[in-house]
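Q: One structure, pasted below without further comment.
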Protein chains: 2
Amino acid sequence: MHKILGIAFLVLAVACGATYAQTTPAKKSLAEKLGYARDAKLVIVHADDLGMTHSVNAASIQGLESGLVTSASIMVPCPWFPEMADYAKTHPEADFGLHLTLTSERVFYRWGPVAPRDKVGSLVDPNGYFHLGWNETTHIDSREVEVELRAQMERALAMGVRPTHLDSHQYRLFENGKEIFQSVLRLGREYKLPVFVVRDWFAERPYLEASLDPGDLVVDHTVTMEPGVAPEKWADFYVKALENLQPGVTVFIIHLAFDDAEMRAATRERDTWGAAWRQRDFDFFSSERFRKLVREQNIKLVTWRQLAQAAR
Amino acid sequence: MHKILGIAFLVLAVACGATYAQTTPAKKSLAEKLGYARDAKLVIVHADDLGMTHSVNAASIQGLESGLVTSASIMVPCPWFPEMADYAKTHPEADFGLHLTLTSERVFYRWGPVAPRDKVGSLVDPNGYFHLGWNETTHIDSREVEVELRAQMERALAMGVRPTHLDSHQYRLFENGKEIFQSVLRLGREYKLPVFVVRDWFAERPYLEASLDPGDLVVDHTVTMEPGVAPEKWADFYVKALENLQPGVTVFIIHLAFDDAEMRAATRERDTWGAAWRQRDFDFFSSERFRKLVREQNIKLVTWRQLAQAAR
């Protein structure tokens with residue numbers, strides 16, 4: 001009997017040990033998994049909207065090649081996607097995700113779905129472009145969302161992009177309910193890619209956390225420029241964010257382009273995320289001031305690829 | 001009997017008279033119908049490829065507004081079509097045709113069909129863009145051509161363009177057999193728009209002439225820059241063409257853009273019809289030299305709208 005109990009305890013102990021062995025690494029922070037201190041400040045400097053215009057591509061590539069921008073994501077439906085696909089193919093070390101896109105928010109320069117238009121009718125306007133925006137009267141079919149996301153993934157792979165992560169143009173996939181969010185999660189799990197999800201969003205949108213599995217990667221914070229900030233306060237905004245950085249992983253979502261003829265024309269109907277806005281982002285994130293702050297604040301610049309490898 | 005014969009002759013004479021009245025105006029040249037001498041030299045200075053890039057749009061609009069470029073045509077499937085549709089809507093006097101497009105010939109910047117992709121499978125490559133080009137292995141379904149042409153027409157109309165004529169990007173609709181040519185002819189007749197057809201092409205492609213009705217408008221000659229011409233001979237090429245102009249209607253097919261960052265990137269895989277090429281076209285057709293030649297050679301600059309009205 002004692003022997004049997006003894007074996008039972010042994011089995012229990014082994015079972016607990018196995019559980020322990022499995023759960024302990026999960027309790028390690030991403031920073032620790034990357035070999036940093038638990039309270040290290042990790043930052044992904046992430047350029048959005050690649051593929052949108054040549055101006056965005058050129059400025060973002062320059063940012064990436066400076067080493068100060070560590071990651072970026074590409075809009076597959078956009079006309080300049082082939083330029084980025086070519087770059088990604090010839091620069092396999094670069095950290096590119098897919099900036100999954102379901103809107104075409106500019107007026108004079110537009111794009112539409114990758115999937116056949118008649119398969120994703122709820123995503124397009126009467127002229128066949130993605131909607132300018134979504135509002136209460138836009139009825140988005142979440143099954144069509146998934147069809148379009150898969151089409152974007154397939155075109156990216158077919159054209160030689162090997163994405164390191166998935167995120168969402170204009171946060172559409174995160175801010176529009178559980179079903180749409182789960183369609184990008186499914187895609188991420190199927191292709192073994194982390195999806196950009198931020199712990200700070202959970203309070204406002206509980207369905208995000210509720211949809212996640214323990215194996216899903218979650219970053220801690222995000223910083224992005226706000227429309228209210230005056231042009232002359234641009235650098236101050238980022239400096240303050242960098243000086244007040246919390247421990248953990250913070251993703252800076254930035255929008256790079258040059259304030260040139262193409263970009264001015266493409267964004268001329270409004271200033272937000274326009275040509276001058278993006279030039280200011282470029283100027284700050286290629287500045288000596290930013291480089292110095294990274295050093296002074298002991299910030300570790302990381303990539304999505306590193307996070308994904310650490311999380312495995 | 002005499003009376004009956006007399007009536008028969010009268011009927012015959014009226015019938016002949018009616019025929020005569022109908023055919024006589026058809027024998028008048030387009031120049032005469034426009035009030036010019038029979039041997040007048042009429043020229044349409046026609047900018048192609050509007051909508052392709054912002055650079056093309058900006059340079060072409062500048063050309064049109066100078067008065068030296070009289071007409072242009074717009075590529076509906078291209079990303080910058082909305083910019084041109086907006087311009088066309090707010091400048092109803094401008095002479096815009098549709099530059100019906102079935103290819104996406106550049107490498108780093110691409111576009112695809114307006115019709116749902118799965119309805120025009122023979123027109124697209126595996127990534128869903130129009131083919132880079134057509135060759136012996138490209139099997140184009142002429143019914144799908146017509147589906148796509150109608151989709152381009154419908155989007156143009158829906159977005160406010162009121163085209164004055166139809167032509168074809170890269171001459172695809174003229175150089176690929178009777179069935180494809182007849183699809184654009186049908187479209188032109190249905191929407192009462194002249195199709196760009198040149199009498200000088202008939203010898204090489206008899207199906208063009210054979211497909212036409214007496215009511216179809218035909219221009220006499222066309223001039224376009226050739227790939228072999230050295231950059232420093234650009235102006236000479238056009239000057240010679242203008243000095244040797246034949247009587248009748250000559251369409252100068254030109255390609256305007258600025259040699260800027262967007263255009264250089266969009267066309268960087270080859271020089272033909274590239275950024276520098278288009279800047280040279282812009283420079284010549286906005287030059288004092290060209291303006292002077294028009295005056296000296298007594299050239300009448302006309303539009304497709306004028307020709308179509310004269311032909312009615």
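Chain lettering (A, B, ...) mirrors the order of the structure tokens, residue numbering begins at 1 for each chain separately, and ligand numbering begins at 1 in order of display.
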Write out as JSON lines the residues of chain A that have any atom within 10 Å of an atom of chain B, one row each with the nearest atom pair and its distance in Å to one decimal, counting only C-alpha atoms, sorted by chain and then rising number.
A:
```
{"residue": "A:Gly51", "atom": "CA", "partner": "B:Tyr109", "partner_atom": "CA", "distance": 9.3}
{"residue": "A:Thr53", "atom": "CA", "partner": "B:Glu262", "partner_atom": "CA", "distance": 8.4}
{"residue": "A:His54", "atom": "CA", "partner": "B:Glu262", "partner_atom": "CA", "distance": 6.0}
{"residue": "A:Ser55", "atom": "CA", "partner": "B:Glu262", "partner_atom": "CA", "distance": 7.2}
{"residue": "A:Ala58", "atom": "CA", "partner": "B:Ala261", "partner_atom": "CA", "distance": 9.3}
{"residue": "A:Pro77", "atom": "CA", "partner": "B:Trp111", "partner_atom": "CA", "distance": 9.6}
{"residue": "A:Cys78", "atom": "CA", "partner": "B:Pro79", "partner_atom": "CA", "distance": 8.5}
{"residue": "A:Pro79", "atom": "CA", "partner": "B:Arg110", "partner_atom": "CA", "distance": 5.3}
{"residue": "A:Trp80", "atom": "CA", "partner": "B:Tyr109", "partner_atom": "CA", "distance": 4.9}
{"residue": "A:Phe81", "atom": "CA", "partner": "B:Tyr109", "partner_atom": "CA", "distance": 7.2}
{"residue": "A:Pro82", "atom": "CA", "partner": "B:Phe108", "partner_atom": "CA", "distance": 4.8}
{"residue": "A:Glu83", "atom": "CA", "partner": "B:Phe108", "partner_atom": "CA", "distance": 4.3}
{"residue": "A:Met84", "atom": "CA", "partner": "B:Phe108", "partner_atom": "CA", "distance": 8.0}
{"residue": "A:Ala85", "atom": "CA", "partner": "B:Phe108", "partner_atom": "CA", "distance": 8.6}
{"residue": "A:Asp86", "atom": "CA", "partner": "B:Phe108", "partner_atom": "CA", "distance": 7.6}
{"residue": "A:Tyr87", "atom": "CA", "partner": "B:Phe108", "partner_atom": "CA", "distance": 9.8}
{"residue": "A:Arg106", "atom": "CA", "partner": "B:Pro82", "partner_atom": "CA", "distance": 9.8}
{"residue": "A:Val107", "atom": "CA", "partner": "B:Pro82", "partner_atom": "CA", "distance": 7.1}
{"residue": "A:Phe108", "atom": "CA", "partner": "B:Glu83", "partner_atom": "CA", "distance": 4.3}
{"residue": "A:Tyr109", "atom": "CA", "partner": "B:Trp80", "partner_atom": "CA", "distance": 4.9}
{"residue": "A:Arg110", "atom": "CA", "partner": "B:Pro79", "partner_atom": "CA", "distance": 5.3}
{"residue": "A:Trp111", "atom": "CA", "partner": "B:Pro79", "partner_atom": "CA", "distance": 6.2}
{"residue": "A:Gly112", "atom": "CA", "partner": "B:Pro79", "partner_atom": "CA", "distance": 9.3}
{"residue": "A:Pro113", "atom": "CA", "partner": "B:Pro116", "partner_atom": "CA", "distance": 9.9}
{"residue": "A:Val114", "atom": "CA", "partner": "B:Gly128", "partner_atom": "CA", "distance": 7.3}
{"residue": "A:Ala115", "atom": "CA", "partner": "B:Arg117", "partner_atom": "CA", "distance": 7.8}
{"residue": "A:Pro116", "atom": "CA", "partner": "B:Arg117", "partner_atom": "CA", "distance": 5.0}
{"residue": "A:Arg117", "atom": "CA", "partner": "B:Pro116", "partner_atom": "CA", "distance": 5.0}
{"residue": "A:Asp118", "atom": "CA", "partner": "B:Pro116", "partner_atom": "CA", "distance": 5.9}
{"residue": "A:Lys119", "atom": "CA", "partner": "B:Pro116", "partner_atom": "CA", "distance": 8.5}
{"residue": "A:Pro126", "atom": "CA", "partner": "B:Ala158", "partner_atom": "CA", "distance": 8.7}
{"residue": "A:Asn127", "atom": "CA", "partner": "B:Arg155", "partner_atom": "CA", "distance": 5.9}
{"residue": "A:Gly128", "atom": "CA", "partner": "B:Val114", "partner_atom": "CA", "distance": 7.3}
{"residue": "A:Tyr129", "atom": "CA", "partner": "B:Val114", "partner_atom": "CA", "distance": 9.4}
{"residue": "A:Ala151", "atom": "CA", "partner": "B:Asn127", "partner_atom": "CA", "distance": 9.7}
{"residue": "A:Glu154", "atom": "CA", "partner": "B:Asn127", "partner_atom": "CA", "distance": 8.8}
{"residue": "A:Arg155", "atom": "CA", "partner": "B:Asn127", "partner_atom": "CA", "distance": 5.9}
{"residue": "A:Ala156", "atom": "CA", "partner": "B:Asn127", "partner_atom": "CA", "distance": 9.0}
{"residue": "A:Ala158", "atom": "CA", "partner": "B:Asn127", "partner_atom": "CA", "distance": 7.4}
{"residue": "A:Met159", "atom": "CA", "partner": "B:Asn127", "partner_atom": "CA", "distance": 7.7}
{"residue": "A:Asp260", "atom": "CA", "partner": "B:Ala261", "partner_atom": "CA", "distance": 8.5}
{"residue": "A:Ala261", "atom": "CA", "partner": "B:Ser55", "partner_atom": "CA", "distance": 7.9}
{"residue": "A:Glu262", "atom": "CA", "partner": "B:His54", "partner_atom": "CA", "distance": 6.0}
{"residue": "A:Met263", "atom": "CA", "partner": "B:His54", "partner_atom": "CA", "distance": 9.2}
{"residue": "A:Arg264", "atom": "CA", "partner": "B:His54", "partner_atom": "CA", "distance": 9.9}
{"residue": "A:Ala265", "atom": "CA", "partner": "B:His54", "partner_atom": "CA", "distance": 7.1}
{"residue": "A:Ala266", "atom": "CA", "partner": "B:His54", "partner_atom": "CA", "distance": 8.1}
```
Q: Would you write out those residues with N, CA and C atoms, as a short mmCIF file (atom, residue, chain, number, x, y, z; two decimals), in the first residue's frame?
A:
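Heads up, here's the output in out_20.cif:
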```cif
data_model
loop_
_atom_site.label_atom_id
_atom_site.label_comp_id
_atom_site.auth_asym_id
_atom_site.auth_seq_id
_atom_site.Cartn_x
_atom_site.Cartn_y
_atom_site.Cartn_z
N GLY A 51 4.65 49.90 -49.07
CA GLY A 51 3.90 49.48 -50.25
C GLY A 51 2.89 50.52 -50.69
N THR A 53 3.05 53.93 -51.13
CA THR A 53 3.58 54.78 -52.20
C THR A 53 5.08 54.52 -52.31
N HIS A 54 5.69 55.00 -53.39
CA HIS A 54 7.15 54.89 -53.48
C HIS A 54 7.80 55.72 -52.39
N SER A 55 7.22 56.86 -52.10
CA SER A 55 7.79 57.75 -51.08
C SER A 55 7.86 57.04 -49.72
N ALA A 58 10.68 54.36 -49.97
CA ALA A 58 12.04 54.89 -49.97
C ALA A 58 12.44 55.38 -48.57
N PRO A 77 -2.16 44.88 -50.82
CA PRO A 77 -3.03 45.33 -51.92
C PRO A 77 -2.55 46.59 -52.64
N CYS A 78 -1.54 47.26 -52.10
CA CYS A 78 -1.17 48.57 -52.64
C CYS A 78 -0.28 48.45 -53.88
N PRO A 79 -0.35 49.48 -54.74
CA PRO A 79 0.34 49.44 -56.05
C PRO A 79 1.85 49.31 -55.93
N TRP A 80 2.44 49.81 -54.86
CA TRP A 80 3.89 49.74 -54.72
C TRP A 80 4.32 48.53 -53.90
N PHE A 81 3.41 47.59 -53.67
CA PHE A 81 3.80 46.35 -52.99
C PHE A 81 4.92 45.61 -53.74
N PRO A 82 4.85 45.52 -55.09
CA PRO A 82 5.92 44.78 -55.78
C PRO A 82 7.32 45.33 -55.50
N GLU A 83 7.44 46.63 -55.33
CA GLU A 83 8.75 47.20 -55.00
C GLU A 83 9.23 46.67 -53.64
N MET A 84 8.32 46.59 -52.68
CA MET A 84 8.72 46.08 -51.36
C MET A 84 8.95 44.58 -51.38
N ALA A 85 8.16 43.86 -52.15
CA ALA A 85 8.35 42.41 -52.25
C ALA A 85 9.74 42.12 -52.80
N ASP A 86 10.13 42.89 -53.80
CA ASP A 86 11.47 42.72 -54.38
C ASP A 86 12.55 43.01 -53.33
N TYR A 87 12.33 44.07 -52.57
CA TYR A 87 13.33 44.43 -51.54
C TYR A 87 13.38 43.34 -50.46
N ARG A 106 -7.56 57.14 -48.76
CA ARG A 106 -7.26 58.41 -49.42
C ARG A 106 -8.20 58.63 -50.59
N VAL A 107 -8.28 59.85 -51.07
CA VAL A 107 -9.31 60.22 -52.05
C VAL A 107 -8.81 60.16 -53.50
N PHE A 108 -7.57 60.59 -53.72
CA PHE A 108 -7.09 60.77 -55.10
C PHE A 108 -6.22 59.60 -55.59
N TYR A 109 -5.99 58.65 -54.69
CA TYR A 109 -5.06 57.55 -54.97
C TYR A 109 -5.61 56.36 -54.20
N ARG A 110 -6.01 55.29 -54.91
CA ARG A 110 -6.77 54.25 -54.23
C ARG A 110 -6.36 52.84 -54.66
N TRP A 111 -6.78 51.87 -53.83
CA TRP A 111 -6.50 50.48 -54.11
C TRP A 111 -7.69 49.63 -53.67
N GLY A 112 -7.71 48.39 -54.10
CA GLY A 112 -8.81 47.49 -53.75
C GLY A 112 -8.28 46.14 -53.31
N PRO A 113 -9.19 45.19 -53.15
CA PRO A 113 -8.81 43.90 -52.57
C PRO A 113 -7.90 43.05 -53.47
N VAL A 114 -7.21 42.12 -52.84
CA VAL A 114 -6.42 41.13 -53.58
C VAL A 114 -7.33 39.98 -54.02
N ALA A 115 -8.24 39.57 -53.17
CA ALA A 115 -9.21 38.53 -53.54
C ALA A 115 -10.11 39.07 -54.65
N PRO A 116 -10.68 38.17 -55.48
CA PRO A 116 -11.62 38.65 -56.50
C PRO A 116 -12.72 39.47 -55.82
N ARG A 117 -12.97 40.61 -56.41
CA ARG A 117 -13.87 41.60 -55.82
C ARG A 117 -15.26 41.03 -55.52
N ASP A 118 -15.73 40.13 -56.35
CA ASP A 118 -17.08 39.60 -56.14
C ASP A 118 -17.11 38.56 -55.00
N LYS A 119 -15.93 38.20 -54.48
CA LYS A 119 -15.88 37.30 -53.33
C LYS A 119 -15.84 38.07 -52.01
N PRO A 126 -18.86 51.04 -54.30
CA PRO A 126 -19.46 50.75 -55.62
C PRO A 126 -18.45 50.80 -56.77
N ASN A 127 -17.32 51.49 -56.59
CA ASN A 127 -16.32 51.54 -57.66
C ASN A 127 -15.29 50.41 -57.58
N GLY A 128 -15.41 49.56 -56.57
CA GLY A 128 -14.52 48.41 -56.48
C GLY A 128 -13.29 48.63 -55.62
N TYR A 129 -13.14 49.82 -55.05
CA TYR A 129 -12.04 50.05 -54.12
C TYR A 129 -12.48 49.62 -52.71
N ALA A 151 -5.92 35.93 -49.02
CA ALA A 151 -5.45 36.31 -50.36
C ALA A 151 -4.20 37.19 -50.25
N GLU A 154 -1.29 34.94 -49.27
CA GLU A 154 -0.86 34.08 -50.39
C GLU A 154 -0.09 34.88 -51.44
N ARG A 155 -0.57 36.10 -51.74
CA ARG A 155 0.17 36.91 -52.72
C ARG A 155 1.56 37.27 -52.16
N ALA A 156 1.62 37.62 -50.88
CA ALA A 156 2.91 37.98 -50.28
C ALA A 156 3.89 36.82 -50.38
N ALA A 158 3.74 34.22 -52.42
CA ALA A 158 4.02 33.92 -53.83
C ALA A 158 5.05 34.89 -54.41
N MET A 159 5.07 36.12 -53.88
CA MET A 159 5.99 37.12 -54.42
C MET A 159 7.27 37.22 -53.59
N ASP A 260 7.26 64.77 -50.49
CA ASP A 260 7.55 65.04 -51.91
C ASP A 260 6.26 65.11 -52.72
N ALA A 261 6.41 65.31 -54.03
CA ALA A 261 5.23 65.55 -54.89
C ALA A 261 4.25 64.39 -54.84
N GLU A 262 4.76 63.17 -54.91
CA GLU A 262 3.88 62.00 -54.90
C GLU A 262 3.09 61.93 -53.59
N MET A 263 3.80 62.07 -52.47
CA MET A 263 3.16 61.89 -51.17
C MET A 263 2.20 63.04 -50.86
N ARG A 264 2.58 64.24 -51.28
CA ARG A 264 1.69 65.38 -51.05
C ARG A 264 0.39 65.19 -51.84
N ALA A 265 0.52 64.72 -53.08
CA ALA A 265 -0.68 64.53 -53.91
C ALA A 265 -1.54 63.38 -53.35
N ALA A 266 -0.89 62.35 -52.87
CA ALA A 266 -1.64 61.17 -52.40
C ALA A 266 -2.41 61.45 -51.12
#
```
Q: From the DSSP assignment of the backbone, select every residue of range 5-230 of chain A that is strand (DSSP E or B), and format the answer as a VMD selection string.
A: chain A and resid 41 to 50 71 to 74 96 to 100 124 130 166 to 168 195 198 219 221 to 224
Q: I want to know what sits within 12 Å of Arg143 in chain A, based on only C-alpha atoms, with residues of the same chain fewer than 2 positions away left out; could you give that as a list of chain:residue names?
A: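 Residues near the query, excluding close chain neighbours: A:Lys119, A:Val120, A:Gly121, A:Ser122, A:Leu123, A:His139, A:Ile140, A:Asp141, A:Val145, A:Glu146, A:Val147, A:Glu148, A:Leu149, A:Arg150, A:Glu179, A:Ile180, A:Phe181, A:Gln182, A:Ser183, A:Val184.
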Q: For a test of reading the model, state the distance in Å between CA of Arg295 in chain A and CA of Ala275 in chain A, rounded to one decimal.
A: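 Going from CA of Arg295 in chain A over to CA of Ala275 in chain A covers 29.1 Å.
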Q: Can you pull out every residue within 12 Å of Phe237 in chain A, counting only C-alpha atoms, but drop anything in the same chain fewer than 4 positions away, and send it as a CSV table (one decimal) with N, CA and C atoms, in the first residue's frame?
A:
```csv
chain,number,residue,atom,x,y,z
A,223,VAL,N,3.3,53.1,-28.6
A,223,VAL,CA,3.3,54.6,-28.7
A,223,VAL,C,3.1,54.9,-30.2
A,224,THR,N,2.2,55.9,-30.4
A,224,THR,CA,2.1,56.4,-31.8
A,224,THR,C,1.7,57.9,-31.7
A,225,MET,N,2.1,58.6,-32.7
A,225,MET,CA,1.8,60.0,-32.8
A,225,MET,C,0.3,60.3,-32.8
A,226,GLU,N,-0.1,61.3,-32.2
A,226,GLU,CA,-1.6,61.6,-32.1
A,226,GLU,C,-1.9,62.9,-33.0
A,227,PRO,N,-3.1,62.9,-33.6
A,227,PRO,CA,-3.4,64.0,-34.5
A,227,PRO,C,-3.3,65.4,-33.8
A,228,GLY,N,-3.5,65.5,-32.5
A,228,GLY,CA,-3.5,66.8,-31.9
A,228,GLY,C,-2.2,67.4,-31.8
A,229,VAL,N,-1.1,66.7,-32.0
A,229,VAL,CA,0.2,67.2,-31.7
A,229,VAL,C,0.7,68.2,-32.8
A,230,ALA,N,1.1,69.4,-32.3
A,230,ALA,CA,1.6,70.4,-33.3
A,230,ALA,C,2.9,70.0,-33.9
A,231,PRO,N,3.1,70.4,-35.2
A,231,PRO,CA,4.3,70.0,-35.8
A,231,PRO,C,5.6,70.4,-35.0
A,232,GLU,N,5.6,71.5,-34.4
A,232,GLU,CA,6.8,71.9,-33.7
A,232,GLU,C,7.0,71.1,-32.4
A,233,LYS,N,6.0,70.4,-32.0
A,233,LYS,CA,6.1,69.6,-30.7
A,233,LYS,C,6.4,68.1,-31.0
A,241,ALA,N,8.0,60.3,-24.6
A,241,ALA,CA,7.6,58.8,-24.6
A,241,ALA,C,8.8,58.0,-24.3
A,242,LEU,N,10.0,58.3,-24.9
A,242,LEU,CA,11.2,57.5,-24.7
A,242,LEU,C,11.7,57.7,-23.3
A,243,GLU,N,11.6,58.9,-22.7
A,243,GLU,CA,12.1,59.1,-21.4
A,243,GLU,C,11.2,58.5,-20.3
A,244,ASN,N,10.0,58.3,-20.7
A,244,ASN,CA,9.0,57.7,-19.7
A,244,ASN,C,8.7,56.2,-20.0
A,252,PHE,N,6.8,51.2,-31.1
A,252,PHE,CA,6.6,52.6,-31.6
A,252,PHE,C,6.1,52.4,-33.0
A,280,ARG,N,8.1,64.4,-40.8
A,280,ARG,CA,8.5,64.7,-39.5
A,280,ARG,C,8.8,63.4,-38.7
A,281,ASP,N,8.0,62.4,-38.9
A,281,ASP,CA,8.4,61.1,-38.3
A,281,ASP,C,9.8,60.6,-38.8
A,284,PHE,N,12.6,62.7,-37.2
A,284,PHE,CA,12.9,62.3,-35.8
A,284,PHE,C,13.6,61.0,-35.7
A,290,PHE,N,17.4,61.0,-31.5
A,290,PHE,CA,16.8,59.7,-31.2
A,290,PHE,C,17.9,58.7,-30.9
```
Q: Determine which residues of range 183-311 of chain B receive a DSSP assignment of alpha helix (DSSP H), computed from the backbone, and state them as a ChimeraX atom specification.
A: /B:183-190,206-211,234-243,261-266,275-285,288-296,304-311
Q: Could you please determine the separation between CA of Arg305 in chain A and CA of Arg162 in chain A in Å, to one decimal place?
A: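 Separation between CA of Arg305 in chain A and CA of Arg162 in chain A: 10.8 Å.
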Q: In Å to one decimal, how far is CA of Phe202 in chain A from CA of Ser71 in chain A?
A: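 Taking CA of Ser71 in chain A as the start and CA of Phe202 in chain A as the end point, the length is 23.7 Å.
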Q: Near Met153 in chain A, within 9 Å and counting only C-alpha atoms, which residues show up once chain neighbours fewer than 5 positions away are dropped, as a PDB file with N, CA and C atoms, in the first residue's frame?
A:
```pdb
ATOM      1  N   VAL A  76      -0.095  44.621 -48.820  1.00  0.00           N
ATOM      2  CA  VAL A  76      -0.068  43.800 -50.032  1.00  0.00           C
ATOM      3  C   VAL A  76      -0.988  44.329 -51.143  1.00  0.00           C
ATOM      4  N   LEU A  98       3.214  41.697 -42.459  1.00  0.00           N
ATOM      5  CA  LEU A  98       2.165  42.143 -43.379  1.00  0.00           C
ATOM      6  C   LEU A  98       1.267  43.128 -42.642  1.00  0.00           C
ATOM      7  N   LEU A 100      -1.916  44.064 -42.831  1.00  0.00           N
ATOM      8  CA  LEU A 100      -3.154  43.589 -43.463  1.00  0.00           C
ATOM      9  C   LEU A 100      -4.119  44.762 -43.632  1.00  0.00           C
ATOM     10  N   GLU A 148     -10.121  37.708 -47.694  1.00  0.00           N
ATOM     11  CA  GLU A 148      -9.199  38.742 -48.172  1.00  0.00           C
ATOM     12  C   GLU A 148      -7.839  38.643 -47.454  1.00  0.00           C
ATOM     13  N   ALA A 158       3.739  34.223 -52.422  1.00  0.00           N
ATOM     14  CA  ALA A 158       4.024  33.925 -53.831  1.00  0.00           C
ATOM     15  C   ALA A 158       5.050  34.894 -54.406  1.00  0.00           C
ATOM     16  N   PRO A 163       7.014  36.875 -44.095  1.00  0.00           N
ATOM     17  CA  PRO A 163       6.696  37.814 -43.017  1.00  0.00           C
ATOM     18  C   PRO A 163       7.103  37.295 -41.642  1.00  0.00           C
ATOM     19  N   LEU A 187      -5.181  33.221 -38.853  1.00  0.00           N
ATOM     20  CA  LEU A 187      -4.155  33.326 -39.885  1.00  0.00           C
ATOM     21  C   LEU A 187      -2.761  33.257 -39.250  1.00  0.00           C
TER      22      LEU A 187
END
```
Q: Return the single residue from B:Ala308, B:Leu301, B:Ala31, B:Ile61 that is closest to Thr164 in chain B, with distances computed using only C-alpha atoms.
A: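 The shortest atom-to-atom distance to Thr164 in chain B comes from B:Ala308.
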Q: Report as a PyMOL selection string all protein, DNA and RNA residues lying within 8 Å of Ala276 in chain B, evaluated on only C-alpha atoms, omitting residues in the same chain fewer than 5 positions from it.
A: chain B and resi 258-259+264+271
Q: Can I get the selection written as a PDB file, in the first residue's frame, with N, CA and C atoms?
A:
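selection_21.pdb, written as the output of this step:
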```
ATOM      1  N   PHE B 258       7.118  63.872 -65.182  1.00  0.00           N
ATOM      2  CA  PHE B 258       8.337  64.520 -64.716  1.00  0.00           C
ATOM      3  C   PHE B 258       9.356  63.443 -64.346  1.00  0.00           C
ATOM      4  N   ASP B 259      10.606  63.795 -64.545  1.00  0.00           N
ATOM      5  CA  ASP B 259      11.691  62.866 -64.191  1.00  0.00           C
ATOM      6  C   ASP B 259      11.947  62.995 -62.688  1.00  0.00           C
ATOM      7  N   ARG B 264      10.839  57.795 -61.641  1.00  0.00           N
ATOM      8  CA  ARG B 264      12.080  57.035 -61.826  1.00  0.00           C
ATOM      9  C   ARG B 264      11.942  55.651 -61.205  1.00  0.00           C
ATOM     10  N   ASP B 271      14.664  51.915 -69.789  1.00  0.00           N
ATOM     11  CA  ASP B 271      14.597  53.343 -70.125  1.00  0.00           C
ATOM     12  C   ASP B 271      13.420  53.696 -71.028  1.00  0.00           C
TER      13      ASP B 271
END
```
Q: When you look at Ser286 in chain B with a cut-off of 8 Å (counting only C-alpha atoms), what residues show up, excluding the ones that are within fewer than 2 positions of it in the same chain? I need them as a list in words.
A: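 Once the nearby chain positions are removed, what remains is Gly63, Ser66, Leu68, Phe282, Asp283, Phe284, Glu288, Phe290 and Arg291 of chain B.
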